[in-house]
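J.: The structure that follows is given in the form of structure tokens.
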Amino acid sequence: MRKYEDTYRHKGLRKKLVDVLRAKGITDENVLTAINALPRHYFLDSAFDEIAYEDRAFPIGDGQTISQPYTVAYQTQLLQIKPFDKVLEIGTGSIYQATVLAEMGAQVFTIERQKNLYDKTKQFVFKSKYPNLKFFYGDGFEGLPTYGPFDKVIITAAAPFIPPKLMEQMKPSGKMVIPVDDEAGNYQRMLRLTKNADGSYTEEAFENFSFVPMLTGKNG
Ligand code: SAH
């Protein structure tokens, strides 16, 4: 059994990470408060205690990564989260991003296509602390039609295009934050799409990022 400990040292490192995110331009205090509250090292193997508070992505096994804190903060800020927002996340991975959203009071529905990563969510250390966080095994391109419509949708893998079913499962005036491949697939442009009453959407484009690919179908 793993022992979880959030020491003064961890708390100090976390405060420094929040300062780094602030210096890089993150301004949403609710996002920064959530990141300051969450022991990110719980989401990595215990051997990587210190690395958890560096602003970098990190492998979590099965060729997947825990997103860089800046990326998590950036996407969360673009989502403009309000308490009780119904949020669909594609790409559970380490559960860190989903927990940041849950800590901010959102109702979170997160999907993972890799069976072994999904299975790990059953031992999630904060399971009882966040009854507002629900895990699903499936293909994110399909979304969760029976649980929608959602106020917000966040995709945490590189999308080859805007998945039409995810747009359908969003409420009018809902927002989707999605990193979409450039033509060569070298990097992704962060987009925020706001759904109009007639089902069309308005697009805003932000910085470029680099994500692991969003893949079709389930694995395992
Ligand atoms: N949000 C995660 C980031 C994980 S990396 C975190 O905070 O750690 C992206 C994840 O998306 C990987 O776990 C990958 O398996 C998953 N993924 C890729 N394509 C997917 C799809 N179609 N449906 C659901 N999950 C997908």
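Note on naming: chains are A, B, ... as they come in the structure tokens, residues start from 1 per chain, ligands start from 1 in the order shown.
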Counting only C-alpha atoms and all ligand atoms, give me one row per residue of chain A with an atom at most 6 Å from an atom of ligand 1, showing the shortest contact pair and its distance in Å to one decimal, sorted by chain then residue number, as CSV.

T.:
```
residue,atom,partner,partner_atom_place_in_ligand_line,distance
A:Gln64,CA,ligand 1,12 (C),5.3
A:Thr65,CA,ligand 1,5 (S),4.8
A:Ile66,CA,ligand 1,8 (O),3.5
A:Ser67,CA,ligand 1,3 (C),5.0
A:Ile90,CA,ligand 1,24 (C),5.0
A:Gly91,CA,ligand 1,11 (O),3.1
A:Thr92,CA,ligand 1,1 (N),4.7
A:Gly93,CA,ligand 1,13 (O),3.5
A:Ser94,CA,ligand 1,8 (O),3.8
A:Ile95,CA,ligand 1,7 (O),5.0
A:Tyr96,CA,ligand 1,7 (O),4.1
A:Gln97,CA,ligand 1,7 (O),3.8
A:Ile111,CA,ligand 1,24 (C),5.1
A:Glu112,CA,ligand 1,25 (N),3.8
A:Arg113,CA,ligand 1,24 (C),4.2
A:Gln114,CA,ligand 1,15 (O),5.1
A:Asp139,CA,ligand 1,23 (N),4.0
A:Gly140,CA,ligand 1,23 (N),3.3
A:Phe141,CA,ligand 1,22 (N),5.2
A:Thr156,CA,ligand 1,1 (N),5.1
A:Ala157,CA,ligand 1,9 (C),4.6
A:Val212,CA,ligand 1,9 (C),5.9
A:Pro213,CA,ligand 1,18 (C),5.9
A:Met214,CA,ligand 1,19 (N),3.4
A:Leu215,CA,ligand 1,19 (N),4.1
A:Thr216,CA,ligand 1,22 (N),4.8
```

J.: Using only C-alpha atoms, which protein or nucleic acid residues come within 10 Å of Pro164 (chain A)? Drop anything in the same chain fewer than 2 positions from it, and give the result as a list in words.

T.: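 Returned residues: Phe141, Glu142, Gly143, Phe161, Ile162, Leu166, Met167, Glu168 and Gln169 of chain A.
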
J.: Convert the current residue selection to file output with N, CA, C and O atoms, as a PDB file, in the first residue's frame.

T.:
```pdb
ATOM      1  N   PHE A 141     -14.260  10.116 -28.598  1.00  0.00           N
ATOM      2  CA  PHE A 141     -14.918  10.664 -29.798  1.00  0.00           C
ATOM      3  C   PHE A 141     -16.431  10.496 -29.719  1.00  0.00           C
ATOM      4  O   PHE A 141     -17.175  11.216 -30.367  1.00  0.00           O
ATOM      5  N   GLU A 142     -16.865   9.507 -28.923  1.00  0.00           N
ATOM      6  CA  GLU A 142     -18.304   9.228 -28.788  1.00  0.00           C
ATOM      7  C   GLU A 142     -18.944  10.087 -27.699  1.00  0.00           C
ATOM      8  O   GLU A 142     -20.161  10.236 -27.660  1.00  0.00           O
ATOM      9  N   GLY A 143     -18.140  10.579 -26.750  1.00  0.00           N
ATOM     10  CA  GLY A 143     -18.670  11.349 -25.623  1.00  0.00           C
ATOM     11  C   GLY A 143     -19.502  10.476 -24.702  1.00  0.00           C
ATOM     12  O   GLY A 143     -19.288   9.256 -24.630  1.00  0.00           O
ATOM     13  N   PHE A 161      -9.457  16.593 -35.399  1.00  0.00           N
ATOM     14  CA  PHE A 161     -10.541  17.476 -35.864  1.00  0.00           C
ATOM     15  C   PHE A 161     -11.483  17.700 -34.679  1.00  0.00           C
ATOM     16  O   PHE A 161     -11.302  17.081 -33.625  1.00  0.00           O
ATOM     17  N   ILE A 162     -12.489  18.539 -34.854  1.00  0.00           N
ATOM     18  CA  ILE A 162     -13.444  18.788 -33.771  1.00  0.00           C
ATOM     19  C   ILE A 162     -14.501  17.680 -33.792  1.00  0.00           C
ATOM     20  O   ILE A 162     -15.262  17.569 -34.757  1.00  0.00           O
ATOM     21  N   LEU A 166     -19.198  15.466 -29.744  1.00  0.00           N
ATOM     22  CA  LEU A 166     -18.925  16.243 -28.525  1.00  0.00           C
ATOM     23  C   LEU A 166     -19.584  17.615 -28.630  1.00  0.00           C
ATOM     24  O   LEU A 166     -20.099  18.147 -27.648  1.00  0.00           O
ATOM     25  N   MET A 167     -19.573  18.166 -29.825  1.00  0.00           N
ATOM     26  CA  MET A 167     -20.254  19.454 -30.034  1.00  0.00           C
ATOM     27  C   MET A 167     -21.761  19.282 -29.823  1.00  0.00           C
ATOM     28  O   MET A 167     -22.400  20.103 -29.174  1.00  0.00           O
ATOM     29  N   GLU A 168     -22.309  18.169 -30.308  1.00  0.00           N
ATOM     30  CA  GLU A 168     -23.749  17.888 -30.135  1.00  0.00           C
ATOM     31  C   GLU A 168     -24.139  17.776 -28.672  1.00  0.00           C
ATOM     32  O   GLU A 168     -25.243  18.150 -28.287  1.00  0.00           O
ATOM     33  N   GLN A 169     -23.215  17.222 -27.845  1.00  0.00           N
ATOM     34  CA  GLN A 169     -23.544  16.962 -26.439  1.00  0.00           C
ATOM     35  C   GLN A 169     -23.350  18.182 -25.545  1.00  0.00           C
ATOM     36  O   GLN A 169     -23.416  18.087 -24.324  1.00  0.00           O
TER      37      GLN A 169
END
```

J.: Can you tell me, as a PyMOL selection string, what residues are no more than 12 Å from region 124-126 of chain A when counting only C-alpha atoms, ignoring any on the same chain fewer than 5 positions away?

T.: chain A and resi 1-5+38-44+92-96+98-100+102-103+117-119+131-135

J.: Let's have the selection written as an mmCIF file, in the first residue's frame, with C-alpha atoms.

T.:
```cif
data_model
loop_
_atom_site.group_PDB
_atom_site.id
_atom_site.type_symbol
_atom_site.label_atom_id
_atom_site.label_comp_id
_atom_site.auth_asym_id
_atom_site.auth_seq_id
_atom_site.Cartn_x
_atom_site.Cartn_y
_atom_site.Cartn_z
ATOM 1 C CA MET A 1 0.000 0.000 0.000
ATOM 2 C CA ARG A 2 1.344 3.428 -0.912
ATOM 3 C CA LYS A 3 1.698 5.960 1.880
ATOM 4 C CA TYR A 4 0.459 9.442 0.955
ATOM 5 C CA GLU A 5 2.010 12.378 2.774
ATOM 6 C CA LEU A 38 -3.955 19.699 -4.681
ATOM 7 C CA PRO A 39 -0.959 17.497 -3.851
ATOM 8 C CA ARG A 40 0.166 16.861 -7.424
ATOM 9 C CA HIS A 41 2.768 14.329 -6.248
ATOM 10 C CA TYR A 42 -0.078 11.947 -5.335
ATOM 11 C CA PHE A 43 -0.780 11.639 -9.062
ATOM 12 C CA LEU A 44 2.720 10.399 -9.893
ATOM 13 C CA THR A 92 -8.442 10.939 -17.815
ATOM 14 C CA GLY A 93 -4.762 9.916 -17.741
ATOM 15 C CA SER A 94 -3.359 10.642 -14.269
ATOM 16 C CA ILE A 95 -6.707 12.169 -13.081
ATOM 17 C CA TYR A 96 -4.889 15.409 -12.191
ATOM 18 C CA ALA A 98 -10.111 16.102 -13.649
ATOM 19 C CA THR A 99 -9.354 16.647 -9.953
ATOM 20 C CA VAL A 100 -8.495 20.322 -10.510
ATOM 21 C CA ALA A 102 -13.627 18.785 -9.255
ATOM 22 C CA GLU A 103 -11.777 20.895 -6.669
ATOM 23 C CA LEU A 117 -5.403 3.675 -16.863
ATOM 24 C CA TYR A 118 -9.170 3.468 -16.330
ATOM 25 C CA ASP A 119 -8.697 0.536 -13.912
ATOM 26 C CA PRO A 131 -18.209 12.492 -5.263
ATOM 27 C CA ASN A 132 -18.557 15.061 -8.088
ATOM 28 C CA LEU A 133 -15.914 13.223 -10.179
ATOM 29 C CA LYS A 134 -17.054 10.216 -12.250
ATOM 30 C CA PHE A 135 -14.905 7.881 -14.352
#
```

J.: With only C-alpha atoms counted and 7 Å as the cut-off, give the residues of region 77-175 of chain A in contact with region 183-207 of chain A, each with its shortest interatomic distance in Å and the pair that gives it, as a Markdown table.

T.:
```
| residue | atom | partner | partner_atom | distance |
| --- | --- | --- | --- | --- |
| A:Ala158 | CA | A:Gln188 | CA | 6.5 |
| A:Pro172 | CA | A:Ala197 | CA | 5.2 |
| A:Ser173 | CA | A:Lys195 | CA | 4.8 |
| A:Gly174 | CA | A:Lys195 | CA | 5.5 |
| A:Lys175 | CA | A:Thr194 | CA | 4.6 |
```

J.: Generate the output file for the selected residues, C-alpha atoms, as a CSV table (one decimal), in the first residue's frame.

T.:
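Generated file (part.csv):
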```
chain,number,residue,atom,x,y,z
A,158,ALA,CA,-4.3,16.1,-29.6
A,172,PRO,CA,-26.2,26.2,-26.1
A,173,SER,CA,-23.6,28.8,-25.0
A,174,GLY,CA,-21.5,25.9,-23.8
A,175,LYS,CA,-17.7,26.0,-24.2
```

J.: Find, counting only C-alpha atoms, the residue in A:Gly138, A:Met104, A:Tyr8, A:Leu88 that gets nearest to Met170 (chain A).

T.: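 When distances to Met170 (chain A) are compared using only C-alpha atoms, the smallest one comes from A:Leu88.
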
J.: Quote the spacing between CA of Tyr70 (chain A) and CA of Asp55 (chain A) in Å to one decimal place.

T.: 6.5 Å

J.: Which value, in Å to one decimal, gives the distance between CA of Ile154 (chain A) and CA of Asp19 (chain A)?

T.: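 CA of Ile154 (chain A) sits 24.5 Å away from CA of Asp19 (chain A).
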
J.: Out of region 37-192 of chain A, which residues get helix (DSSP H, G or I) from DSSP, as an NGL selection string?

T.: :A and (37 or 40-43 or 46-48 or 51-53 or 69-79 or 96-103 or 115-123 or 164-168)

J.: Any chance you could export the current selection's N, CA and C atoms as a short mmCIF file (atom, residue, chain, number, x, y, z; two decimals), in the first residue's frame?

T.:
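Saved the output as out_28.cif:
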```cif
data_model
loop_
_atom_site.label_atom_id
_atom_site.label_comp_id
_atom_site.auth_asym_id
_atom_site.auth_seq_id
_atom_site.Cartn_x
_atom_site.Cartn_y
_atom_site.Cartn_z
N ALA A 37 -4.09 23.82 -3.76
CA ALA A 37 -4.72 22.92 -2.79
C ALA A 37 -4.41 21.45 -3.06
N ARG A 40 -0.05 17.45 -6.09
CA ARG A 40 0.17 16.86 -7.42
C ARG A 40 1.04 15.61 -7.36
N HIS A 41 1.89 15.51 -6.33
CA HIS A 41 2.77 14.33 -6.25
C HIS A 41 1.98 13.05 -5.99
N TYR A 42 0.76 13.14 -5.51
CA TYR A 42 -0.08 11.95 -5.34
C TYR A 42 -0.46 11.31 -6.67
N PHE A 43 -0.34 12.10 -7.75
CA PHE A 43 -0.78 11.64 -9.06
C PHE A 43 0.37 11.01 -9.87
N SER A 46 5.56 7.43 -6.47
CA SER A 46 6.18 8.07 -5.30
C SER A 46 7.66 8.41 -5.52
N ALA A 47 8.30 7.80 -6.52
CA ALA A 47 9.70 8.10 -6.81
C ALA A 47 9.87 9.51 -7.39
N PHE A 48 8.77 10.13 -7.82
CA PHE A 48 8.87 11.40 -8.54
C PHE A 48 8.29 12.59 -7.77
N ILE A 51 9.71 16.14 -8.90
CA ILE A 51 9.38 16.45 -10.30
C ILE A 51 7.92 16.90 -10.42
N ALA A 52 7.09 16.41 -9.50
CA ALA A 52 5.66 16.75 -9.55
C ALA A 52 5.43 18.25 -9.50
N TYR A 53 6.40 18.99 -8.93
CA TYR A 53 6.20 20.43 -8.78
C TYR A 53 7.04 21.26 -9.75
N PRO A 69 1.73 21.37 -15.71
CA PRO A 69 0.85 22.22 -14.91
C PRO A 69 0.39 23.48 -15.66
N TYR A 70 1.28 24.09 -16.43
CA TYR A 70 0.89 25.28 -17.18
C TYR A 70 -0.24 24.96 -18.15
N THR A 71 -0.16 23.81 -18.80
CA THR A 71 -1.19 23.40 -19.76
C THR A 71 -2.52 23.18 -19.05
N VAL A 72 -2.46 22.50 -17.89
CA VAL A 72 -3.67 22.26 -17.09
C VAL A 72 -4.30 23.60 -16.69
N ALA A 73 -3.47 24.50 -16.17
CA ALA A 73 -3.96 25.81 -15.73
C ALA A 73 -4.55 26.59 -16.91
N TYR A 74 -3.87 26.52 -18.05
CA TYR A 74 -4.27 27.26 -19.25
C TYR A 74 -5.63 26.79 -19.77
N GLN A 75 -5.77 25.46 -19.88
CA GLN A 75 -7.05 24.92 -20.39
C GLN A 75 -8.18 25.20 -19.40
N THR A 76 -7.87 25.05 -18.10
CA THR A 76 -8.91 25.27 -17.09
C THR A 76 -9.35 26.72 -17.09
N GLN A 77 -8.39 27.62 -17.21
CA GLN A 77 -8.71 29.06 -17.24
C GLN A 77 -9.61 29.38 -18.44
N LEU A 78 -9.29 28.79 -19.61
CA LEU A 78 -10.11 29.05 -20.80
C LEU A 78 -11.54 28.53 -20.64
N LEU A 79 -11.72 27.51 -19.80
CA LEU A 79 -13.06 26.93 -19.61
C LEU A 79 -13.98 27.83 -18.78
N TYR A 96 -5.23 14.12 -12.80
CA TYR A 96 -4.89 15.41 -12.19
C TYR A 96 -5.81 16.52 -12.71
N GLN A 97 -5.92 16.64 -14.03
CA GLN A 97 -6.78 17.69 -14.60
C GLN A 97 -8.23 17.56 -14.11
N ALA A 98 -8.73 16.34 -14.09
CA ALA A 98 -10.11 16.10 -13.65
C ALA A 98 -10.29 16.53 -12.19
N THR A 99 -9.26 16.30 -11.37
CA THR A 99 -9.35 16.65 -9.95
C THR A 99 -9.30 18.16 -9.76
N VAL A 100 -8.51 18.85 -10.57
CA VAL A 100 -8.50 20.32 -10.51
C VAL A 100 -9.92 20.85 -10.78
N LEU A 101 -10.57 20.28 -11.77
CA LEU A 101 -11.95 20.71 -12.10
C LEU A 101 -12.91 20.38 -10.96
N ALA A 102 -12.75 19.20 -10.37
CA ALA A 102 -13.63 18.78 -9.26
C ALA A 102 -13.39 19.67 -8.04
N GLU A 103 -12.13 20.02 -7.79
CA GLU A 103 -11.78 20.90 -6.67
C GLU A 103 -12.43 22.28 -6.85
N LYS A 115 -7.65 0.82 -20.94
CA LYS A 115 -8.24 0.04 -19.85
C LYS A 115 -7.40 0.10 -18.57
N ASN A 116 -6.07 -0.07 -18.71
CA ASN A 116 -5.24 -0.09 -17.50
C ASN A 116 -5.24 1.25 -16.77
N LEU A 117 -5.32 2.36 -17.52
CA LEU A 117 -5.40 3.68 -16.86
C LEU A 117 -6.78 3.84 -16.21
N TYR A 118 -7.82 3.41 -16.91
CA TYR A 118 -9.17 3.47 -16.33
C TYR A 118 -9.23 2.63 -15.04
N ASP A 119 -8.65 1.42 -15.09
CA ASP A 119 -8.70 0.54 -13.91
C ASP A 119 -8.04 1.19 -12.69
N LYS A 120 -6.99 1.97 -12.94
CA LYS A 120 -6.29 2.65 -11.83
C LYS A 120 -7.20 3.65 -11.11
N THR A 121 -8.21 4.16 -11.81
CA THR A 121 -9.09 5.16 -11.19
C THR A 121 -9.89 4.56 -10.03
N LYS A 122 -9.98 3.21 -10.01
CA LYS A 122 -10.73 2.55 -8.93
C LYS A 122 -10.01 2.69 -7.59
N GLN A 123 -8.69 2.90 -7.65
CA GLN A 123 -7.92 3.09 -6.41
C GLN A 123 -7.61 4.58 -6.16
N PRO A 164 -17.66 15.85 -33.86
CA PRO A 164 -19.03 16.36 -33.97
C PRO A 164 -19.94 15.92 -32.82
N LYS A 165 -19.75 14.69 -32.32
CA LYS A 165 -20.63 14.21 -31.25
C LYS A 165 -20.42 15.00 -29.96
N LEU A 166 -19.20 15.47 -29.74
CA LEU A 166 -18.93 16.24 -28.53
C LEU A 166 -19.58 17.61 -28.63
N MET A 167 -19.57 18.17 -29.82
CA MET A 167 -20.25 19.45 -30.03
C MET A 167 -21.76 19.28 -29.82
N GLU A 168 -22.31 18.17 -30.31
CA GLU A 168 -23.75 17.89 -30.14
C GLU A 168 -24.14 17.78 -28.67
#
```

J.: Out of A:Ile155, A:Ile81, A:Leu144, A:Val180, which residue has the shortest atom-to-atom distance to Phe109 (chain A) when counting only C-alpha atoms?

T.: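 Among A:Ile155, A:Ile81, A:Leu144, A:Val180, it is A:Leu144 that comes nearest to Phe109 (chain A).
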
J.: Can you measure CA of Asn30 (chain A) to CA of Pro83 (chain A) for me? One decimal in Å is fine.

T.: 10.4 Å

J.: I'd like to know which of A:Phe136, A:Thr33, A:Lys152, A:Tyr147 is closest to Lys82 (chain A), using only C-alpha atoms.

T.: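 Counting only C-alpha atoms, the residue closest to Lys82 (chain A) is A:Lys152.
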
J.: Assign secondary structure with DSSP using the backbone only, and return the residues of region 3-152 of chain A in strand (DSSP E or B) as a list in words.

T.: Phe58, Pro59, Ile60, Gly61, Gln64, Thr65, Ile66, Lys86, Val87, Leu88, Glu89, Ile90, Gln107, Val108, Phe109, Thr110, Ile111, Glu112, Gln114, Leu133, Lys134, Phe135, Phe136, Tyr137, Phe150, Asp151 and Lys152 of chain A

J.: Would you export the selected residues with N, CA and C atoms as a compact mmCIF listing (two decimals), in the first residue's frame, please?

T.:
```
# COMPACT_ATOMS: atom_id res chain seq x y z
N PHE A 58 5.08 14.72 -17.69
CA PHE A 58 5.83 13.59 -17.18
C PHE A 58 5.17 12.29 -17.60
N PRO A 59 5.98 11.27 -18.00
CA PRO A 59 5.38 9.98 -18.39
C PRO A 59 4.71 9.28 -17.21
N ILE A 60 3.53 8.71 -17.45
CA ILE A 60 2.83 8.00 -16.38
C ILE A 60 2.63 6.52 -16.73
N GLY A 61 3.39 6.04 -17.73
CA GLY A 61 3.26 4.64 -18.14
C GLY A 61 2.31 4.50 -19.31
N GLN A 64 1.76 7.28 -21.94
CA GLN A 64 0.94 8.46 -21.70
C GLN A 64 1.63 9.43 -20.75
N THR A 65 1.11 10.63 -20.67
CA THR A 65 1.74 11.66 -19.85
C THR A 65 0.73 12.34 -18.93
N ILE A 66 1.22 12.88 -17.83
CA ILE A 66 0.45 13.82 -17.03
C ILE A 66 0.78 15.19 -17.64
N LYS A 86 -21.37 21.36 -15.46
CA LYS A 86 -21.26 19.96 -15.86
C LYS A 86 -20.17 19.87 -16.92
N VAL A 87 -19.08 19.20 -16.59
CA VAL A 87 -17.91 19.20 -17.47
C VAL A 87 -17.59 17.78 -17.96
N LEU A 88 -17.39 17.65 -19.26
CA LEU A 88 -16.94 16.39 -19.85
C LEU A 88 -15.46 16.53 -20.19
N GLU A 89 -14.63 15.60 -19.66
CA GLU A 89 -13.21 15.60 -20.01
C GLU A 89 -12.89 14.36 -20.84
N ILE A 90 -12.13 14.56 -21.92
CA ILE A 90 -11.64 13.42 -22.71
C ILE A 90 -10.17 13.23 -22.39
N GLN A 107 -19.05 19.48 -11.77
CA GLN A 107 -19.46 18.07 -11.82
C GLN A 107 -18.71 17.48 -13.00
N VAL A 108 -17.76 16.58 -12.74
CA VAL A 108 -16.84 16.15 -13.78
C VAL A 108 -17.13 14.72 -14.23
N PHE A 109 -17.19 14.53 -15.55
CA PHE A 109 -17.36 13.22 -16.18
C PHE A 109 -16.13 13.04 -17.06
N THR A 110 -15.25 12.08 -16.71
CA THR A 110 -14.01 11.96 -17.47
C THR A 110 -13.92 10.57 -18.11
N ILE A 111 -13.47 10.56 -19.39
CA ILE A 111 -13.40 9.31 -20.16
C ILE A 111 -11.94 8.97 -20.49
N GLU A 112 -11.58 7.69 -20.34
CA GLU A 112 -10.25 7.21 -20.72
C GLU A 112 -10.42 5.98 -21.62
N GLN A 114 -7.83 3.88 -22.42
CA GLN A 114 -6.88 2.81 -22.06
C GLN A 114 -7.38 2.12 -20.79
N LEU A 133 -16.83 13.65 -9.11
CA LEU A 133 -15.91 13.22 -10.18
C LEU A 133 -16.24 11.78 -10.55
N LYS A 134 -16.64 11.56 -11.82
CA LYS A 134 -17.05 10.22 -12.25
C LYS A 134 -16.21 9.74 -13.43
N PHE A 135 -15.83 8.45 -13.37
CA PHE A 135 -14.91 7.88 -14.35
C PHE A 135 -15.62 6.96 -15.34
N PHE A 136 -15.21 7.03 -16.61
CA PHE A 136 -15.80 6.18 -17.64
C PHE A 136 -14.69 5.60 -18.52
N TYR A 137 -14.89 4.34 -18.93
CA TYR A 137 -14.00 3.68 -19.88
C TYR A 137 -14.68 3.73 -21.24
N PHE A 150 -23.66 18.97 -21.68
CA PHE A 150 -22.65 19.52 -20.78
C PHE A 150 -22.51 21.03 -20.97
N ASP A 151 -22.11 21.69 -19.87
CA ASP A 151 -21.81 23.13 -19.96
C ASP A 151 -20.46 23.36 -20.62
N LYS A 152 -19.51 22.43 -20.32
CA LYS A 152 -18.14 22.60 -20.78
C LYS A 152 -17.59 21.24 -21.22
```
